[in-house]
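For reference, model.cif is printed below; it contains mmCIF, C-alpha atoms.
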```cif
data_coords
#
loop_
_atom_site.label_atom_id
_atom_site.label_comp_id
_atom_site.auth_asym_id
_atom_site.auth_seq_id
_atom_site.Cartn_x
_atom_site.Cartn_y
_atom_site.Cartn_z
CA MET A 1 -32.17 -57.03 -9.55
CA ARG A 2 -29.13 -56.23 -11.68
CA SER A 3 -30.66 -57.59 -14.88
CA THR A 4 -33.83 -55.54 -14.32
CA ARG A 5 -31.73 -52.46 -13.61
CA ASP A 6 -29.89 -52.98 -16.90
CA LEU A 7 -33.22 -53.29 -18.71
CA LEU A 8 -34.38 -50.03 -17.13
CA ARG A 9 -31.16 -48.34 -18.21
CA ARG A 10 -31.72 -49.57 -21.76
CA ARG A 11 -35.21 -48.09 -21.68
CA THR A 12 -33.64 -44.75 -20.80
CA ARG A 13 -31.32 -44.94 -23.80
CA LEU A 14 -34.24 -45.75 -26.09
CA VAL A 15 -36.22 -42.78 -24.76
CA GLN A 16 -33.21 -40.54 -25.36
CA HIS A 17 -32.91 -41.87 -28.91
CA GLY A 18 -36.62 -41.19 -29.42
CA ALA A 19 -36.09 -37.59 -28.32
CA GLN A 20 -33.32 -37.26 -30.91
CA LEU A 21 -35.64 -38.58 -33.64
CA LYS A 22 -38.36 -36.10 -32.65
CA ALA A 23 -35.82 -33.28 -32.70
CA HIS A 24 -34.69 -34.35 -36.18
CA ILE A 25 -38.27 -34.19 -37.47
CA VAL A 26 -38.85 -30.76 -35.94
CA ASN A 27 -35.56 -29.46 -37.36
CA THR A 28 -36.38 -30.85 -40.81
CA ASN A 29 -39.77 -29.16 -40.65
CA SER A 30 -38.07 -25.85 -39.87
CA GLN A 31 -35.34 -26.39 -42.49
CA TYR A 32 -37.94 -26.64 -45.27
CA ASN A 33 -39.92 -23.66 -43.97
CA TYR A 34 -43.06 -25.50 -42.99
CA PRO A 35 -45.21 -23.95 -40.25
CA ALA A 36 -44.46 -25.19 -36.74
CA LEU A 37 -47.04 -27.31 -34.97
CA GLU A 38 -48.46 -26.19 -31.64
CA LEU A 39 -48.65 -29.72 -30.23
CA HIS A 40 -45.71 -31.87 -29.18
CA MET A 41 -44.28 -34.67 -31.31
CA LYS A 42 -45.11 -37.16 -28.55
CA ASN A 43 -48.76 -36.96 -29.65
CA LYS A 44 -49.65 -39.64 -32.18
CA CYS A 45 -51.92 -37.30 -34.15
CA VAL A 46 -49.03 -34.88 -34.65
CA ARG A 47 -46.74 -37.66 -35.87
CA GLN A 48 -49.43 -38.82 -38.30
CA GLU A 49 -49.56 -35.36 -39.85
CA PHE A 50 -45.92 -35.75 -40.89
CA GLN A 51 -46.63 -38.93 -42.83
CA THR A 52 -47.39 -36.90 -46.00
CA ARG A 53 -46.14 -33.44 -45.07
CA PHE A 54 -43.15 -33.04 -47.43
CA GLU A 55 -43.32 -32.82 -51.22
CA ASP A 56 -39.73 -33.94 -51.74
CA GLN A 57 -39.85 -37.74 -51.66
CA ALA A 58 -36.36 -38.11 -50.22
CA VAL A 59 -37.19 -35.74 -47.36
CA GLN A 60 -40.49 -37.54 -46.73
CA ARG A 61 -38.73 -40.91 -46.70
CA ASN A 62 -36.19 -39.58 -44.21
CA VAL A 63 -38.92 -38.35 -41.86
CA SER A 64 -41.05 -41.48 -42.34
CA PHE A 65 -38.07 -43.54 -41.20
CA ASP A 66 -38.02 -41.55 -37.93
CA LEU A 67 -41.77 -41.93 -37.51
CA ALA A 68 -41.68 -45.70 -37.98
CA ILE A 69 -39.10 -46.07 -35.20
CA LEU A 70 -41.02 -43.69 -32.91
CA ASP A 71 -44.24 -45.66 -33.35
CA ALA A 72 -42.40 -48.91 -32.61
CA TYR A 73 -40.87 -47.35 -29.49
CA ALA A 74 -44.28 -46.09 -28.34
CA ASN A 75 -45.76 -49.58 -28.54
CA GLU A 76 -42.84 -51.42 -26.97
CA LEU A 77 -42.02 -48.94 -24.20
CA LYS A 78 -45.54 -49.02 -22.81
CA SER A 79 -45.46 -52.78 -22.27
CA LEU A 80 -41.85 -52.59 -21.05
CA GLU A 81 -42.75 -50.04 -18.38
CA TYR A 82 -45.61 -52.23 -17.19
CA TYR A 83 -43.21 -55.15 -16.90
CA LEU A 84 -40.60 -53.09 -15.04
CA GLU A 85 -43.18 -51.78 -12.56
CA SER A 86 -44.34 -55.32 -11.78
CA LYS A 87 -40.72 -56.33 -11.10
CA ALA A 88 -40.10 -53.27 -8.89
CA LYS A 89 -43.10 -54.14 -6.72
CA LYS A 90 -41.64 -57.61 -6.20
CA HIS A 91 -38.00 -56.67 -5.68
CA GLN A 92 -38.39 -53.70 -3.34
CA SER A 93 -42.10 -53.11 -2.81
CA SER A 94 -41.59 -50.97 0.32
CA TYR A 95 -39.00 -48.75 -1.43
CA TYR A 96 -41.30 -48.30 -4.42
CA THR A 97 -44.29 -47.37 -2.24
CA GLN A 98 -42.26 -44.93 -0.15
CA LEU A 99 -40.72 -43.19 -3.16
CA ARG A 100 -44.10 -42.69 -4.81
CA THR A 101 -45.23 -40.61 -1.80
CA ILE A 102 -42.84 -37.82 -2.89
CA PRO A 103 -44.63 -35.29 -5.14
CA GLY A 104 -43.05 -35.33 -8.59
CA ILE A 105 -41.55 -38.81 -8.33
CA GLY A 106 -43.55 -40.96 -10.68
CA LEU A 107 -43.14 -44.43 -12.11
CA ILE A 108 -39.83 -44.00 -13.95
CA LEU A 109 -38.03 -41.90 -11.33
CA ALA A 110 -39.14 -44.23 -8.52
CA MET A 111 -37.87 -47.27 -10.40
CA THR A 112 -34.62 -45.55 -11.33
CA ILE A 113 -33.88 -44.57 -7.74
CA LEU A 114 -34.93 -48.00 -6.45
CA TYR A 115 -32.77 -50.03 -8.84
CA GLU A 116 -29.75 -47.73 -8.75
CA ILE A 117 -29.71 -47.78 -4.93
CA GLY A 118 -30.32 -51.50 -4.52
CA ASP A 119 -30.08 -51.71 -0.73
CA ILE A 120 -29.94 -48.44 1.20
CA ASN A 121 -28.08 -50.18 4.04
CA ARG A 122 -24.95 -50.46 1.92
CA PHE A 123 -24.43 -46.73 2.53
CA GLU A 124 -22.95 -46.07 5.96
CA SER A 125 -24.00 -42.44 6.10
CA VAL A 126 -26.14 -39.90 4.31
CA GLN A 127 -22.95 -38.10 3.27
CA LYS A 128 -21.67 -41.19 1.45
CA PHE A 129 -25.07 -41.67 -0.16
CA ALA A 130 -25.18 -38.06 -1.39
CA SER A 131 -21.65 -38.42 -2.75
CA TYR A 132 -22.59 -41.62 -4.60
CA CYS A 133 -25.58 -39.81 -6.13
CA ARG A 134 -23.27 -36.98 -7.32
CA LEU A 135 -25.31 -34.52 -5.24
CA VAL A 136 -22.13 -33.22 -3.59
CA LYS A 137 -18.58 -33.01 -4.84
CA CYS A 138 -16.29 -35.77 -3.67
CA LYS A 139 -13.21 -34.84 -1.65
CA ALA A 140 -9.83 -35.68 -3.12
CA GLU A 141 -7.81 -37.16 -0.28
CA SER A 142 -4.37 -38.68 0.12
CA ALA A 143 -2.63 -39.81 3.31
CA GLY A 144 -5.42 -38.33 5.39
CA LYS A 145 -5.13 -34.89 3.78
CA THR A 146 -7.73 -33.20 1.59
CA TYR A 147 -6.71 -31.65 -1.74
CA GLY A 148 -9.85 -29.92 -2.97
CA THR A 149 -12.48 -31.93 -4.85
CA SER A 150 -12.24 -34.75 -7.39
CA GLY A 151 -13.93 -35.14 -10.77
CA ASN A 152 -17.66 -34.88 -11.41
CA LYS A 153 -17.83 -38.37 -12.96
CA ILE A 154 -17.39 -40.21 -9.66
CA GLY A 155 -20.63 -41.79 -8.46
CA ASN A 156 -23.87 -42.76 -10.16
CA GLY A 157 -25.01 -40.55 -13.03
CA HIS A 158 -28.44 -42.19 -13.15
CA LEU A 159 -29.18 -41.11 -9.57
CA LYS A 160 -27.84 -37.62 -10.28
CA TRP A 161 -30.31 -37.36 -13.17
CA ALA A 162 -33.18 -38.82 -11.16
CA PHE A 163 -32.85 -36.42 -8.23
CA SER A 164 -32.30 -33.43 -10.55
CA GLU A 165 -35.51 -34.31 -12.40
CA ALA A 166 -37.32 -34.91 -9.11
CA ALA A 167 -36.36 -31.43 -7.87
CA VAL A 168 -37.90 -29.77 -10.93
CA LEU A 169 -41.06 -31.90 -10.84
CA TYR A 170 -41.46 -31.36 -7.09
CA LEU A 171 -41.96 -27.64 -7.77
CA ARG A 172 -44.87 -28.13 -10.19
CA GLY A 173 -48.08 -26.91 -8.64
CA ASN A 174 -46.39 -26.69 -5.25
CA ASP A 175 -46.57 -23.12 -3.99
CA LYS A 176 -44.76 -23.87 -0.74
CA ALA A 177 -41.89 -25.49 -2.60
CA ARG A 178 -41.67 -22.52 -4.97
CA ARG A 179 -41.48 -20.13 -2.04
CA TYR A 180 -38.69 -22.24 -0.59
CA LEU A 181 -36.81 -22.10 -3.92
CA ASN A 182 -37.31 -18.31 -4.12
CA LYS A 183 -35.80 -18.00 -0.66
CA LEU A 184 -32.76 -19.95 -1.81
CA GLN A 185 -32.44 -17.79 -4.94
CA LYS A 186 -31.91 -14.72 -2.79
CA ARG A 187 -28.53 -16.21 -1.86
CA MET A 188 -27.61 -18.08 -5.05
CA SER A 189 -28.45 -18.64 -8.72
CA LYS A 190 -31.50 -20.65 -9.79
CA ALA A 191 -29.30 -23.50 -11.03
CA LYS A 192 -27.52 -23.68 -7.67
CA ALA A 193 -30.85 -23.49 -5.82
CA LEU A 194 -32.18 -26.45 -7.83
CA SER A 195 -29.01 -28.38 -7.01
CA VAL A 196 -29.57 -27.66 -3.32
CA LEU A 197 -33.16 -28.88 -3.62
CA ALA A 198 -32.01 -32.06 -5.41
CA HIS A 199 -29.48 -32.66 -2.62
CA LYS A 200 -32.18 -32.11 -0.03
CA LEU A 201 -34.44 -34.64 -1.77
CA GLY A 202 -31.58 -37.14 -1.89
CA ARG A 203 -30.98 -36.82 1.84
CA CYS A 204 -34.71 -37.15 2.46
CA VAL A 205 -34.90 -40.36 0.42
CA TYR A 206 -31.95 -41.81 2.36
CA PHE A 207 -33.66 -41.31 5.72
CA MET A 208 -37.06 -42.38 4.41
CA LEU A 209 -35.70 -45.72 3.22
CA LYS A 210 -33.51 -46.18 6.29
CA ASN A 211 -36.33 -45.43 8.73
CA LYS A 212 -39.15 -46.95 6.65
CA THR A 213 -41.21 -43.75 6.58
CA VAL A 214 -43.17 -41.85 3.94
CA PHE A 215 -42.64 -38.32 2.67
CA ASP A 216 -43.70 -35.46 4.96
CA ASP A 217 -43.97 -32.24 2.93
CA GLU A 218 -44.23 -29.89 5.93
CA ARG A 219 -41.23 -31.41 7.67
CA PHE A 220 -39.21 -31.49 4.45
CA LEU A 221 -39.56 -27.76 3.79
CA LYS A 222 -38.88 -26.81 7.42
CA SER A 223 -35.73 -28.88 7.85
#
```

Kindly return the structure encoded in the file as structure tokens.
Amino acid sequence: MRSTRDLLRRRTRLVQHGAQLKAHIVNTNSQYNYPALELHMKNKCVRQEFQTRFEDQAVQRNVSFDLAILDAYANELKSLEYYLESKAKKHQSSYYTQLRTIPGIGLILAMTILYEIGDINRFESVQKFASYCRLVKCKAESAGKTYGTSGNKIGNGHLKWAFSEAAVLYLRGNDKARRYLNKLQKRMSKAKALSVLAHKLGRCVYFMLKNKTVFDDERFLKS
């Protein structure tokens, strides 16, 4: 599983690089005072429009370089994701199926959580799992005494990202979840409320995988 996890992590880096390339094209477009496009750069038709957009040949060559890499990424990432999904269904098919029952957790988030966890039984408690996922601050201890909290870099950053993304996506088109978030925001900021929701999702995933159950929306929002 480790080699597949590393391949998934590399996919993430490539997607991040692709986002940087798209941002460079958009910034170049703005720098030379061209009108902004309504559609997103992820659309192939939008990228094609930039193939001959700039009169300055050096600028056009710069942008065309970005476009060539983006098109290559688009072709390769699609087949890579298909391959990764087939491996996930073989390595931890039950985990993958359970995770996909959570609204907002799609292919990439499910695979990220699956491969970064490995085996849920290696975590003795939900508290240790949440700490590993960076969903709570770790305690700094010495000789049995607690001295505040330790750094934010302890734990798994990939799981922190996955659950943070899952919290935002869980809210989309989910009126009950939005009402729950609004209730939290009466006591804290929106950023803190989203962190609480991400923590809640992390705890939920722990017990789902431990107990071999699927997501229960009603129970989740009541607990």

Closest to A:Ala162 among A:Met41, A:Leu21, A:Leu107, A:Ala193, using all atoms listed in the file?
->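 Counting all atoms listed in the file, the residue closest to A:Ala162 is A:Leu107.
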
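With all atoms listed in the file as the atoms that count, the residue of A:Ala68, A:Arg203, A:Ala88, A:Ala19 with the shortest distance to A:Ser223 is A:Arg203.
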
Chain and number of each residue from the PyMOL selection byres ((chain A and resi 59-65) around 12), as JSON, numbers by chain | {"A": [21, 22, 23, 24, 25, 26, 27, 28, 29, 31, 32, 47, 48, 49, 50, 51, 52, 53, 54, 55, 56, 57, 58, 66, 67, 68, 69, 70, 71, 72]}

Long-range neighbours of A:Lys222 as an NGL selection string, 12 Å cut-off, only C-alpha atoms, 3 positions minimum in chain = :A and (176-177 or 179-180 or 200 or 216-219)

Centre and edge lengths, as JSON, for the axis-aligned box enclosing every listed atom of stretch 186-199 of chain A with 8 Å of padding on each of the six sides, in Å to one decimal?
```
{"center_x": -30.3, "center_y": -23.7, "center_z": -6.4, "size_x": 21.6, "size_y": 33.9, "size_z": 25.2}
```

For A:Ser86, the closest of A:Met111, A:Lys186, A:Lys212, A:Lys153 counting all atoms listed in the file is A:Met111

Given the file shown, determine the residues that the PyMOL selection byres ((chain A and resi 159) around 12) selects; report them as a ChimeraX atom specification.
-> /A:9,108-118,129-135,154-158,160-166,198-199,201-202,205

What is the atom CA of A:Lys183 to atom CA of A:Asn211 distance in Å?
->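 Atom CA of A:Lys183 sits 29.0 Å away from atom CA of A:Asn211.
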
What does the distance between atom CA of A:Arg172 and atom CA of A:Leu194 come to in Å, to one decimal place?
->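 Calculated distance between atom CA of A:Arg172 and atom CA of A:Leu194 is 13.0 Å.
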
Let me know the residues the PyMOL selection byres ((chain A and resi 170) around 8) catches in the file above, as a VMD selection string.
-> chain A and resid 102 to 105 166 to 169 171 to 172 174 177

Next, write the just-selected residues to a file, as a PDB file, in the coordinates of the input, keeping C-alpha atoms as the atom set.
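Output contents, as saved in again_10.pdb:
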```pdb
ATOM      1  CA  ILE A 102     -42.840 -37.820  -2.890  1.00  0.00           C
ATOM      2  CA  PRO A 103     -44.630 -35.290  -5.140  1.00  0.00           C
ATOM      3  CA  GLY A 104     -43.050 -35.330  -8.590  1.00  0.00           C
ATOM      4  CA  ILE A 105     -41.550 -38.810  -8.330  1.00  0.00           C
ATOM      5  CA  ALA A 166     -37.320 -34.910  -9.110  1.00  0.00           C
ATOM      6  CA  ALA A 167     -36.360 -31.430  -7.870  1.00  0.00           C
ATOM      7  CA  VAL A 168     -37.900 -29.770 -10.930  1.00  0.00           C
ATOM      8  CA  LEU A 169     -41.060 -31.900 -10.840  1.00  0.00           C
ATOM      9  CA  LEU A 171     -41.960 -27.640  -7.770  1.00  0.00           C
ATOM     10  CA  ARG A 172     -44.870 -28.130 -10.190  1.00  0.00           C
ATOM     11  CA  ASN A 174     -46.390 -26.690  -5.250  1.00  0.00           C
ATOM     12  CA  ALA A 177     -41.890 -25.490  -2.600  1.00  0.00           C
TER      13      ALA A 177
END
```

How many Å separate atom CA of A:Leu7 from atom CA of A:Tyr83?
->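 It comes out at 10.3 Å.
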
With all atoms listed in the file as the basis for distance, which of A:Tyr95, A:Tyr82, A:Tyr73, A:Phe207 is at the shortest distance from A:Phe123?
-> A:Phe207

As an mmCIF file, keeping the file's coordinate frame, the rebuilt stretch 39-56 of chain A with N, CA and C atoms:
```
data_model
loop_
_atom_site.group_PDB
_atom_site.id
_atom_site.type_symbol
_atom_site.label_atom_id
_atom_site.label_comp_id
_atom_site.auth_asym_id
_atom_site.auth_seq_id
_atom_site.Cartn_x
_atom_site.Cartn_y
_atom_site.Cartn_z
ATOM 1 N N LEU A 39 -48.722 -28.555 -31.096
ATOM 2 C CA LEU A 39 -48.650 -29.720 -30.230
ATOM 3 C C LEU A 39 -47.298 -30.393 -30.304
ATOM 4 N N HIS A 40 -47.005 -31.206 -29.291
ATOM 5 C CA HIS A 40 -45.710 -31.870 -29.180
ATOM 6 C C HIS A 40 -45.667 -33.124 -30.038
ATOM 7 N N MET A 41 -44.455 -33.495 -30.468
ATOM 8 C CA MET A 41 -44.280 -34.670 -31.310
ATOM 9 C C MET A 41 -44.616 -35.975 -30.597
ATOM 10 N N LYS A 42 -44.758 -35.926 -29.275
ATOM 11 C CA LYS A 42 -45.110 -37.160 -28.550
ATOM 12 C C LYS A 42 -46.553 -37.583 -28.850
ATOM 13 N N ASN A 43 -47.373 -36.641 -29.314
ATOM 14 C CA ASN A 43 -48.760 -36.960 -29.650
ATOM 15 C C ASN A 43 -48.831 -37.704 -30.986
ATOM 16 N N LYS A 44 -49.563 -38.803 -30.983
ATOM 17 C CA LYS A 44 -49.650 -39.640 -32.180
ATOM 18 C C LYS A 44 -50.266 -38.894 -33.350
ATOM 19 N N CYS A 45 -51.268 -38.035 -33.071
ATOM 20 C CA CYS A 45 -51.920 -37.300 -34.150
ATOM 21 C C CYS A 45 -50.961 -36.333 -34.836
ATOM 22 N N VAL A 46 -50.026 -35.787 -34.078
ATOM 23 C CA VAL A 46 -49.030 -34.880 -34.650
ATOM 24 C C VAL A 46 -48.078 -35.666 -35.541
ATOM 25 N N ARG A 47 -47.639 -36.826 -35.069
ATOM 26 C CA ARG A 47 -46.740 -37.660 -35.870
ATOM 27 C C ARG A 47 -47.409 -38.099 -37.167
ATOM 28 N N GLN A 48 -48.701 -38.398 -37.097
ATOM 29 C CA GLN A 48 -49.430 -38.820 -38.300
ATOM 30 C C GLN A 48 -49.470 -37.726 -39.350
ATOM 31 N N GLU A 49 -49.512 -36.473 -38.905
ATOM 32 C CA GLU A 49 -49.560 -35.360 -39.850
ATOM 33 C C GLU A 49 -48.295 -35.281 -40.691
ATOM 34 N N PHE A 50 -47.190 -35.803 -40.160
ATOM 35 C CA PHE A 50 -45.920 -35.750 -40.890
ATOM 36 C C PHE A 50 -45.769 -36.901 -41.882
ATOM 37 N N GLN A 51 -46.730 -37.802 -41.920
ATOM 38 C CA GLN A 51 -46.630 -38.930 -42.830
ATOM 39 C C GLN A 51 -46.638 -38.497 -44.299
ATOM 40 N N THR A 52 -47.316 -37.377 -44.607
ATOM 41 C CA THR A 52 -47.390 -36.900 -46.000
ATOM 42 C C THR A 52 -47.122 -35.391 -46.068
ATOM 43 N N ARG A 53 -46.312 -34.894 -45.188
ATOM 44 C CA ARG A 53 -46.140 -33.440 -45.070
ATOM 45 C C ARG A 53 -45.212 -32.865 -46.147
ATOM 46 N N PHE A 54 -44.196 -33.601 -46.567
ATOM 47 C CA PHE A 54 -43.150 -33.040 -47.430
ATOM 48 C C PHE A 54 -43.330 -33.476 -48.887
ATOM 49 N N GLU A 55 -43.175 -32.542 -49.792
ATOM 50 C CA GLU A 55 -43.320 -32.820 -51.220
ATOM 51 C C GLU A 55 -42.119 -33.573 -51.770
ATOM 52 N N ASP A 56 -40.937 -33.257 -51.291
ATOM 53 C CA ASP A 56 -39.730 -33.940 -51.740
ATOM 54 C C ASP A 56 -39.754 -35.374 -51.187
#
```
